[in-house]
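This is input_17.cif (mmCIF, C-alpha atoms and all ligand atoms).
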```cif
data_final
#
loop_
_atom_site.label_atom_id
_atom_site.label_comp_id
_atom_site.auth_asym_id
_atom_site.auth_seq_id
_atom_site.Cartn_x
_atom_site.Cartn_y
_atom_site.Cartn_z
CA MET S 1 -55.61 32.43 6.92
CA VAL S 2 -52.37 33.17 8.90
CA THR S 3 -52.84 30.00 10.95
CA TYR S 4 -53.37 28.03 7.74
CA LEU S 5 -50.13 29.44 6.24
CA ASN S 6 -48.23 28.71 9.46
CA GLN S 7 -49.43 25.13 9.29
CA ILE S 8 -48.24 24.76 5.67
CA LEU S 9 -44.86 26.24 6.63
CA ARG S 10 -44.53 23.85 9.57
CA TYR S 11 -45.31 20.85 7.32
CA THR S 12 -42.83 22.08 4.68
CA LYS S 13 -40.08 22.46 7.34
CA LEU S 14 -40.87 19.02 8.73
CA ALA S 15 -40.76 17.48 5.24
CA SER S 16 -37.37 19.07 4.42
CA SER S 17 -35.94 18.02 7.81
CA VAL S 18 -37.06 14.44 7.15
CA THR S 19 -35.51 14.59 3.65
CA PHE S 20 -32.20 15.89 5.08
CA ILE S 21 -32.10 13.20 7.77
CA PHE S 22 -32.88 10.52 5.16
CA LEU S 23 -30.13 11.84 2.85
CA GLY S 24 -27.64 12.01 5.74
CA VAL S 25 -28.38 8.43 6.83
CA SER S 26 -28.15 7.17 3.21
CA LEU S 27 -24.78 8.91 2.62
CA THR S 28 -23.35 7.61 5.91
CA LEU S 29 -24.52 4.07 5.10
CA ALA S 30 -23.08 4.29 1.56
CA SER S 31 -19.72 5.51 2.90
CA CYS S 32 -19.63 2.77 5.57
CA THR S 33 -20.48 0.11 2.98
CA SER S 34 -17.71 1.23 0.60
CA LYS S 35 -15.17 1.45 3.48
CA LYS S 36 -16.24 -2.05 4.58
CA ALA S 37 -15.90 -3.31 1.00
CA ILE S 38 -12.29 -2.02 0.84
CA THR S 39 -11.44 -3.44 4.27
CA GLU S 40 -12.84 -6.83 3.25
CA ARG S 41 -10.56 -6.90 0.19
CA LEU S 42 -7.39 -6.21 2.21
CA ASP S 43 -5.05 -9.17 2.61
CA VAL S 44 -3.10 -7.15 5.19
CA PRO S 45 -4.23 -4.21 7.34
CA TYR S 46 -2.43 -0.90 7.04
CA VAL S 47 0.51 -0.51 9.42
CA ALA S 48 3.34 1.79 8.32
CA THR S 49 7.00 0.75 8.46
CA LYS S 50 8.94 2.89 10.94
CA PRO S 51 11.30 5.43 9.31
CA ALA S 52 14.44 3.77 10.75
CA VAL S 53 13.30 0.43 9.34
CA VAL S 54 12.57 2.00 5.91
CA GLU S 55 16.18 3.31 5.89
CA ALA S 56 17.56 -0.08 6.91
CA MET S 57 15.50 -1.94 4.26
CA LEU S 58 16.85 0.34 1.51
CA GLN S 59 20.41 -0.02 2.79
CA VAL S 60 20.21 -3.81 3.08
CA ALA S 61 19.04 -3.94 -0.56
CA GLN S 62 21.75 -1.41 -1.55
CA VAL S 63 19.19 0.66 -3.45
CA ASN S 64 20.76 3.11 -5.91
CA LYS S 65 19.84 5.44 -8.78
CA ASN S 66 19.73 2.58 -11.31
CA ASP S 67 17.01 0.76 -9.38
CA THR S 68 13.31 0.45 -10.01
CA ILE S 69 11.76 -0.36 -6.67
CA TYR S 70 8.25 -1.83 -6.25
CA ASP S 71 6.53 -1.76 -2.87
CA LEU S 72 3.69 -4.31 -2.96
CA GLY S 73 1.08 -2.93 -0.55
CA CYS S 74 2.67 0.52 -0.44
CA GLY S 75 0.55 2.27 2.20
CA ASP S 76 1.38 5.97 2.27
CA GLY S 77 4.24 5.43 -0.20
CA ARG S 78 7.05 6.05 2.30
CA ILE S 79 9.39 3.29 1.04
CA VAL S 80 9.39 4.26 -2.66
CA ILE S 81 9.36 7.98 -1.80
CA THR S 82 12.44 7.59 0.44
CA ALA S 83 14.16 5.44 -2.22
CA ALA S 84 13.57 8.19 -4.80
CA LYS S 85 14.44 11.11 -2.55
CA GLU S 86 17.54 9.73 -0.85
CA TYR S 87 18.90 7.19 -3.34
CA GLY S 88 17.70 8.57 -6.70
CA ALA S 89 15.78 5.37 -7.56
CA THR S 90 12.54 5.30 -9.51
CA GLY S 91 9.66 3.57 -7.82
CA VAL S 92 6.20 2.09 -8.12
CA GLY S 93 3.86 1.61 -5.18
CA VAL S 94 0.86 -0.71 -5.44
CA ASP S 95 -2.04 -0.65 -3.01
CA ILE S 96 -5.59 -1.89 -3.26
CA ASP S 97 -6.91 0.88 -1.01
CA PRO S 98 -7.66 4.12 -2.93
CA ASN S 99 -7.18 6.19 0.24
CA ARG S 100 -3.58 4.97 0.54
CA ILE S 101 -2.94 5.82 -3.12
CA LYS S 102 -4.30 9.36 -2.58
CA GLU S 103 -2.07 9.78 0.49
CA ALA S 104 0.97 8.39 -1.34
CA ASN S 105 0.53 10.77 -4.30
CA LYS S 106 0.14 13.71 -1.90
CA ASN S 107 3.30 12.68 -0.02
CA ALA S 108 5.28 12.26 -3.26
CA GLN S 109 4.27 15.77 -4.28
CA LYS S 110 5.21 17.16 -0.86
CA GLU S 111 8.63 15.49 -1.06
CA GLY S 112 9.20 16.67 -4.65
CA VAL S 113 9.58 13.19 -6.21
CA SER S 114 6.35 12.91 -8.25
CA ASP S 115 8.44 12.60 -11.42
CA LYS S 116 10.29 9.55 -10.04
CA VAL S 117 7.46 7.57 -8.46
CA GLN S 118 4.10 6.21 -9.49
CA PHE S 119 1.29 4.79 -7.38
CA ILE S 120 -1.15 2.24 -8.76
CA GLN S 121 -4.41 1.17 -7.17
CA GLN S 122 -4.44 -2.57 -7.82
CA ASP S 123 -4.42 -5.96 -6.14
CA LEU S 124 -0.77 -6.89 -5.58
CA PHE S 125 -1.54 -10.42 -6.80
CA GLU S 126 -2.63 -9.06 -10.16
CA VAL S 127 0.00 -6.43 -10.85
CA ASP S 128 2.91 -6.96 -13.27
CA PHE S 129 6.06 -6.15 -11.28
CA SER S 130 8.51 -7.79 -13.71
CA LYS S 131 10.34 -4.47 -14.28
CA ALA S 132 11.41 -4.29 -10.63
CA THR S 133 15.06 -4.56 -9.63
CA VAL S 134 14.07 -4.33 -5.94
CA VAL S 135 10.79 -5.46 -4.32
CA THR S 136 9.83 -4.42 -0.81
CA LEU S 137 7.19 -6.12 1.33
CA TYR S 138 5.51 -5.58 4.66
CA LEU S 139 2.71 -8.10 4.44
CA LEU S 140 1.95 -11.21 6.51
CA PRO S 141 3.60 -14.67 6.62
CA TYR S 142 0.88 -16.45 4.59
CA VAL S 143 0.67 -13.55 2.09
CA ASN S 144 4.46 -13.75 1.54
CA LEU S 145 4.12 -17.49 0.93
CA LYS S 146 1.24 -16.98 -1.51
CA LEU S 147 3.28 -14.33 -3.34
CA LYS S 148 6.52 -16.34 -3.48
CA PRO S 149 5.76 -18.33 -6.70
CA LYS S 150 4.79 -15.08 -8.45
CA LEU S 151 8.01 -13.37 -7.30
CA LEU S 152 10.10 -16.30 -8.55
CA ALA S 153 8.21 -16.47 -11.86
CA GLN S 154 8.12 -12.75 -12.70
CA LEU S 155 11.35 -11.29 -11.41
CA LYS S 156 14.65 -11.33 -13.27
CA PRO S 157 17.60 -13.19 -11.68
CA GLY S 158 19.49 -10.81 -9.42
CA THR S 159 16.37 -8.86 -8.35
CA ARG S 160 16.53 -8.11 -4.63
CA ILE S 161 13.61 -8.67 -2.26
CA VAL S 162 13.39 -7.14 1.20
CA SER S 163 10.65 -7.97 3.68
CA ASN S 164 9.89 -6.18 6.91
CA GLU S 165 9.12 -8.62 9.71
CA PHE S 166 8.05 -11.76 7.82
CA ASP S 167 10.10 -14.46 6.10
CA MET S 168 9.27 -16.84 3.22
CA GLY S 169 9.09 -20.19 4.99
CA ASP S 170 11.68 -22.59 3.61
CA TRP S 171 13.22 -20.01 1.23
CA LYS S 172 16.09 -19.07 3.52
CA PRO S 173 17.09 -15.38 3.48
CA GLU S 174 20.64 -14.33 2.55
CA LYS S 175 20.56 -11.66 5.23
CA GLU S 176 18.57 -11.13 8.39
CA VAL S 177 18.98 -7.76 10.10
CA LYS S 178 17.46 -6.56 13.37
CA VAL S 179 16.53 -2.88 13.60
CA GLY S 180 14.57 -1.15 16.35
CA GLY S 181 12.61 -4.26 17.35
CA SER S 182 11.92 -5.31 13.72
CA THR S 183 13.59 -8.00 11.63
CA ILE S 184 14.40 -7.39 7.96
CA TYR S 185 14.80 -10.35 5.57
CA PHE S 186 16.72 -10.18 2.29
CA TRP S 187 16.75 -12.53 -0.73
CA THR S 188 18.04 -12.39 -4.32
CA ILE S 189 16.21 -14.07 -7.20
CA PRO S 190 18.49 -16.97 -8.24
CA GLU S 191 19.69 -17.62 -11.81
CA GLN S 192 17.23 -20.48 -12.27
CA SER S 193 14.20 -20.02 -10.09
CA ASN S 194 11.74 -22.75 -9.25
CA PRO S 195 8.24 -21.27 -8.79
C1 LIG S 201 1.35 -3.44 6.57
S1 LIG S 201 0.88 -2.23 5.35
C2 LIG S 201 2.48 -1.79 4.68
C3 LIG S 201 2.51 -0.40 4.09
C4 LIG S 201 3.86 0.03 3.51
N1 LIG S 201 4.40 -0.97 2.60
C5 LIG S 201 4.87 0.27 4.60
O1 LIG S 201 5.73 -0.61 4.79
O2 LIG S 201 4.79 1.31 5.29
C6 LIG S 201 0.13 -3.27 4.09
C7 LIG S 201 -0.52 -2.52 2.96
O3 LIG S 201 -0.96 -3.47 1.99
C8 LIG S 201 -2.18 -3.03 1.44
N2 LIG S 201 -2.87 -4.22 0.90
C9 LIG S 201 -3.51 -5.19 1.58
N3 LIG S 201 -3.95 -6.14 0.75
C10 LIG S 201 -3.60 -5.77 -0.51
C11 LIG S 201 -3.75 -6.34 -1.81
N4 LIG S 201 -4.38 -7.51 -2.00
N5 LIG S 201 -3.25 -5.67 -2.87
C12 LIG S 201 -2.60 -4.49 -2.71
N6 LIG S 201 -2.42 -3.90 -1.50
C13 LIG S 201 -2.90 -4.52 -0.41
C14 LIG S 201 -2.90 -2.34 2.58
O4 LIG S 201 -3.86 -1.42 2.11
C15 LIG S 201 -1.73 -1.67 3.32
O5 LIG S 201 -1.54 -0.35 2.89
#
```

Show me the file's structure as structure tokens.
Amino acid sequence: MVTYLNQILRYTKLASSVTFIFLGVSLTLASCTSKKAITERLDVPYVATKPAVVEAMLQVAQVNKNDTIYDLGCGDGRIVITAAKEYGATGVGVDIDPNRIKEANKNAQKEGVSDKVQFIQQDLFEVDFSKATVVTLYLLPYVNLKLKPKLLAQLKPGTRIVSNEFDMGDWKPEKEVKVGGSTIYFWTIPEQSNP
């Protein structure tokens, strides 16, 4: 009788171990698949702008308390958070990766600017950024070029655009500034823009 019970116990343990292993493998696979799905949707991988370059971008654009700054592909939110904290601007960060949005919201809270900034999980090619007075970018050359007609169509004349590292092809920048190994490009939306 005891041997019989022991056998049942052993089978039960084995069955629950198999169930746990199966669940573990399924969860790991599900998490990998969703991470892969996000990575596949990224037009640009995540690389943060260095703090000195963030400062220089905001200074080149002369960001001030009357500005509404949009960072398209905002990462951990550092550009809009710095603009709000140091220059009193309001800001919107857009990123397609939900992990970046979580990080950005946490950082905004930590820096005490949650009332001045907002982070939206969305594709930067689909978002309405027409309320921006300043747009910041750290994307890639071909992504800048793909975005250019949308910038020219949506933004009001006088809106400033600052890009870390990459230019806009034949749209010549008004300013080009070198900081700590990076180049910052600056444009203003003209009175009559030609998308
Ligand atoms: C090079 S990082 C720049 C991060 C931040 N702007 C900075 O300068 O520190 C590019 C960011 O764009 C985001 N991204 C890539 N493709 C995107 C898309 N189609 N829509 C919105 N965000 C995107 C990535 O998740 C990443 O956080």

* To do: Write out as a ChimeraX atom specification which residues come within 8 Å of Ile96 of chain S when counting all atoms listed in the file, dropping same-chain ones fewer than 3 positions away.
  => /S:38,41-42,73,121-124

Output file for the residues above (C-alpha atoms, as a compact mmCIF listing (two decimals), keeping the file's coordinate frame):
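Once written, part_31.txt looks like this:
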```
# COMPACT_ATOMS: atom_id res chain seq x y z
CA ILE S 38 -12.29 -2.02 0.84
CA ARG S 41 -10.56 -6.90 0.19
CA LEU S 42 -7.39 -6.21 2.21
CA GLY S 73 1.08 -2.93 -0.55
CA GLN S 121 -4.41 1.17 -7.17
CA GLN S 122 -4.44 -2.57 -7.82
CA ASP S 123 -4.42 -5.96 -6.14
CA LEU S 124 -0.77 -6.89 -5.58
```

* To do: Find the residues near ligand LIG 201 (chain S). Use a cut-off of 10 Å, count all atoms listed in the file, and write them as a ChimeraX atom specification.
  => /S:38-51,53-54,57,70-80,93-101,120-127,136-140,143,163-165

* Separation of atom CA of Leu155 of chain S and atom CA of Ser114 of chain S, in Å? -> 24.9 Å

Spatial neighbours of segment 180-187 of chain S, max dist 6 Å, only C-alpha atoms, sep filter under 4 positions, as a PDB file with C-alpha atoms, in the frame of the given file:
```
ATOM      1  CA  ARG S 160      16.530  -8.110  -4.630  1.00  0.00           C
ATOM      2  CA  ILE S 161      13.610  -8.670  -2.260  1.00  0.00           C
ATOM      3  CA  VAL S 162      13.390  -7.140   1.200  1.00  0.00           C
ATOM      4  CA  SER S 163      10.650  -7.970   3.680  1.00  0.00           C
ATOM      5  CA  ASN S 164       9.890  -6.180   6.910  1.00  0.00           C
ATOM      6  CA  GLU S 165       9.120  -8.620   9.710  1.00  0.00           C
ATOM      7  CA  PRO S 173      17.090 -15.380   3.480  1.00  0.00           C
ATOM      8  CA  GLU S 174      20.640 -14.330   2.550  1.00  0.00           C
ATOM      9  CA  LYS S 175      20.560 -11.660   5.230  1.00  0.00           C
ATOM     10  CA  GLU S 176      18.570 -11.130   8.390  1.00  0.00           C
TER      11      GLU S 176
END
```

* To do: Using all atoms listed in the file, find the one residue out of S:Val117, S:Val179, S:Glu86, S:Thr188 that sits nearest to Ala52 of chain S.
  =>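 Ranking S:Val117, S:Val179, S:Glu86, S:Thr188 by distance to Ala52 of chain S, first place goes to S:Val179.
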
* Structure fact -> Between S:Asn144, S:Gln62, S:Gln192, S:Thr82, smallest distance to Trp171 of chain S by all atoms listed in the file belongs to S:Asn144

* In Å, rounded to a single decimal, give me how far atom CA of Asn64 of chain S is from atom CA of Lys85 of chain S. => 10.7 Å

* Nearest to Thr133 of chain S: which of S:Asp167, S:Asp115, S:Asp67, S:Glu103 is it, counting all atoms listed in the file? ->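 Between S:Asp167, S:Asp115, S:Asp67, S:Glu103, the residue approaching Thr133 of chain S most closely is S:Asp67.
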
If I only have part of segment 117-141 of chain S, can you fill in N, CA and C atoms and write it as a PDB file, keeping the file's coordinate frame?
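Below you can see part39.pdb, which holds the result:
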```pdb
ATOM      1  N   VAL S 117       8.272   8.659  -9.029  1.00  0.00           N
ATOM      2  CA  VAL S 117       7.460   7.570  -8.460  1.00  0.00           C
ATOM      3  C   VAL S 117       6.053   7.562  -9.057  1.00  0.00           C
ATOM      4  N   GLN S 118       5.456   6.386  -8.956  1.00  0.00           N
ATOM      5  CA  GLN S 118       4.100   6.210  -9.490  1.00  0.00           C
ATOM      6  C   GLN S 118       3.345   5.317  -8.519  1.00  0.00           C
ATOM      7  N   PHE S 119       2.084   5.625  -8.292  1.00  0.00           N
ATOM      8  CA  PHE S 119       1.290   4.790  -7.380  1.00  0.00           C
ATOM      9  C   PHE S 119       0.083   4.240  -8.121  1.00  0.00           C
ATOM     10  N   ILE S 120      -0.102   2.924  -8.010  1.00  0.00           N
ATOM     11  CA  ILE S 120      -1.150   2.240  -8.760  1.00  0.00           C
ATOM     12  C   ILE S 120      -2.126   1.594  -7.788  1.00  0.00           C
ATOM     13  N   GLN S 121      -3.416   1.854  -8.001  1.00  0.00           N
ATOM     14  CA  GLN S 121      -4.410   1.170  -7.170  1.00  0.00           C
ATOM     15  C   GLN S 121      -4.747  -0.167  -7.817  1.00  0.00           C
ATOM     16  N   GLN S 122      -4.218  -1.235  -7.261  1.00  0.00           N
ATOM     17  CA  GLN S 122      -4.440  -2.570  -7.820  1.00  0.00           C
ATOM     18  C   GLN S 122      -4.164  -3.641  -6.772  1.00  0.00           C
ATOM     19  N   ASP S 123      -4.717  -4.817  -6.995  1.00  0.00           N
ATOM     20  CA  ASP S 123      -4.420  -5.960  -6.140  1.00  0.00           C
ATOM     21  C   ASP S 123      -2.982  -6.398  -6.424  1.00  0.00           C
ATOM     22  N   LEU S 124      -2.185  -6.534  -5.386  1.00  0.00           N
ATOM     23  CA  LEU S 124      -0.770  -6.890  -5.580  1.00  0.00           C
ATOM     24  C   LEU S 124      -0.605  -8.258  -6.236  1.00  0.00           C
ATOM     25  N   PHE S 125      -1.629  -9.112  -6.153  1.00  0.00           N
ATOM     26  CA  PHE S 125      -1.540 -10.420  -6.800  1.00  0.00           C
ATOM     27  C   PHE S 125      -1.828 -10.352  -8.292  1.00  0.00           C
ATOM     28  N   GLU S 126      -2.286  -9.183  -8.735  1.00  0.00           N
ATOM     29  CA  GLU S 126      -2.630  -9.060 -10.160  1.00  0.00           C
ATOM     30  C   GLU S 126      -1.684  -8.150 -10.923  1.00  0.00           C
ATOM     31  N   VAL S 127      -0.835  -7.429 -10.189  1.00  0.00           N
ATOM     32  CA  VAL S 127       0.000  -6.430 -10.850  1.00  0.00           C
ATOM     33  C   VAL S 127       1.237  -7.094 -11.505  1.00  0.00           C
ATOM     34  N   ASP S 128       1.680  -6.509 -12.608  1.00  0.00           N
ATOM     35  CA  ASP S 128       2.910  -6.960 -13.270  1.00  0.00           C
ATOM     36  C   ASP S 128       4.077  -6.177 -12.676  1.00  0.00           C
ATOM     37  N   PHE S 129       4.922  -6.851 -11.889  1.00  0.00           N
ATOM     38  CA  PHE S 129       6.060  -6.150 -11.280  1.00  0.00           C
ATOM     39  C   PHE S 129       7.380  -6.632 -11.878  1.00  0.00           C
ATOM     40  N   SER S 130       7.314  -7.181 -13.108  1.00  0.00           N
ATOM     41  CA  SER S 130       8.510  -7.790 -13.710  1.00  0.00           C
ATOM     42  C   SER S 130       9.631  -6.780 -13.985  1.00  0.00           C
ATOM     43  N   LYS S 131       9.299  -5.472 -14.006  1.00  0.00           N
ATOM     44  CA  LYS S 131      10.340  -4.470 -14.280  1.00  0.00           C
ATOM     45  C   LYS S 131      11.153  -4.116 -13.022  1.00  0.00           C
ATOM     46  N   ALA S 132      10.733  -4.652 -11.881  1.00  0.00           N
ATOM     47  CA  ALA S 132      11.410  -4.290 -10.630  1.00  0.00           C
ATOM     48  C   ALA S 132      12.836  -4.825 -10.585  1.00  0.00           C
ATOM     49  N   THR S 133      13.722  -4.033  -9.967  1.00  0.00           N
ATOM     50  CA  THR S 133      15.060  -4.560  -9.630  1.00  0.00           C
ATOM     51  C   THR S 133      15.136  -4.781  -8.114  1.00  0.00           C
ATOM     52  N   VAL S 134      14.201  -4.123  -7.396  1.00  0.00           N
ATOM     53  CA  VAL S 134      14.070  -4.330  -5.940  1.00  0.00           C
ATOM     54  C   VAL S 134      12.577  -4.400  -5.621  1.00  0.00           C
ATOM     55  N   VAL S 135      12.187  -5.370  -4.781  1.00  0.00           N
ATOM     56  CA  VAL S 135      10.790  -5.460  -4.320  1.00  0.00           C
ATOM     57  C   VAL S 135      10.794  -5.371  -2.801  1.00  0.00           C
ATOM     58  N   THR S 136       9.937  -4.495  -2.268  1.00  0.00           N
ATOM     59  CA  THR S 136       9.830  -4.420  -0.810  1.00  0.00           C
ATOM     60  C   THR S 136       8.450  -4.905  -0.365  1.00  0.00           C
ATOM     61  N   LEU S 137       8.429  -5.538   0.806  1.00  0.00           N
ATOM     62  CA  LEU S 137       7.190  -6.120   1.330  1.00  0.00           C
ATOM     63  C   LEU S 137       7.061  -5.839   2.821  1.00  0.00           C
ATOM     64  N   TYR S 138       5.837  -5.536   3.234  1.00  0.00           N
ATOM     65  CA  TYR S 138       5.510  -5.580   4.660  1.00  0.00           C
ATOM     66  C   TYR S 138       4.087  -6.130   4.689  1.00  0.00           C
ATOM     67  N   LEU S 139       4.013  -7.454   4.596  1.00  0.00           N
ATOM     68  CA  LEU S 139       2.710  -8.100   4.440  1.00  0.00           C
ATOM     69  C   LEU S 139       2.454  -8.996   5.653  1.00  0.00           C
ATOM     70  N   LEU S 140       2.171 -10.256   5.420  1.00  0.00           N
ATOM     71  CA  LEU S 140       1.950 -11.210   6.510  1.00  0.00           C
ATOM     72  C   LEU S 140       2.592 -12.534   6.082  1.00  0.00           C
ATOM     73  N   PRO S 141       2.910 -13.429   7.012  1.00  0.00           N
ATOM     74  CA  PRO S 141       3.600 -14.670   6.620  1.00  0.00           C
ATOM     75  C   PRO S 141       2.890 -15.429   5.492  1.00  0.00           C
TER      76      PRO S 141
END
```
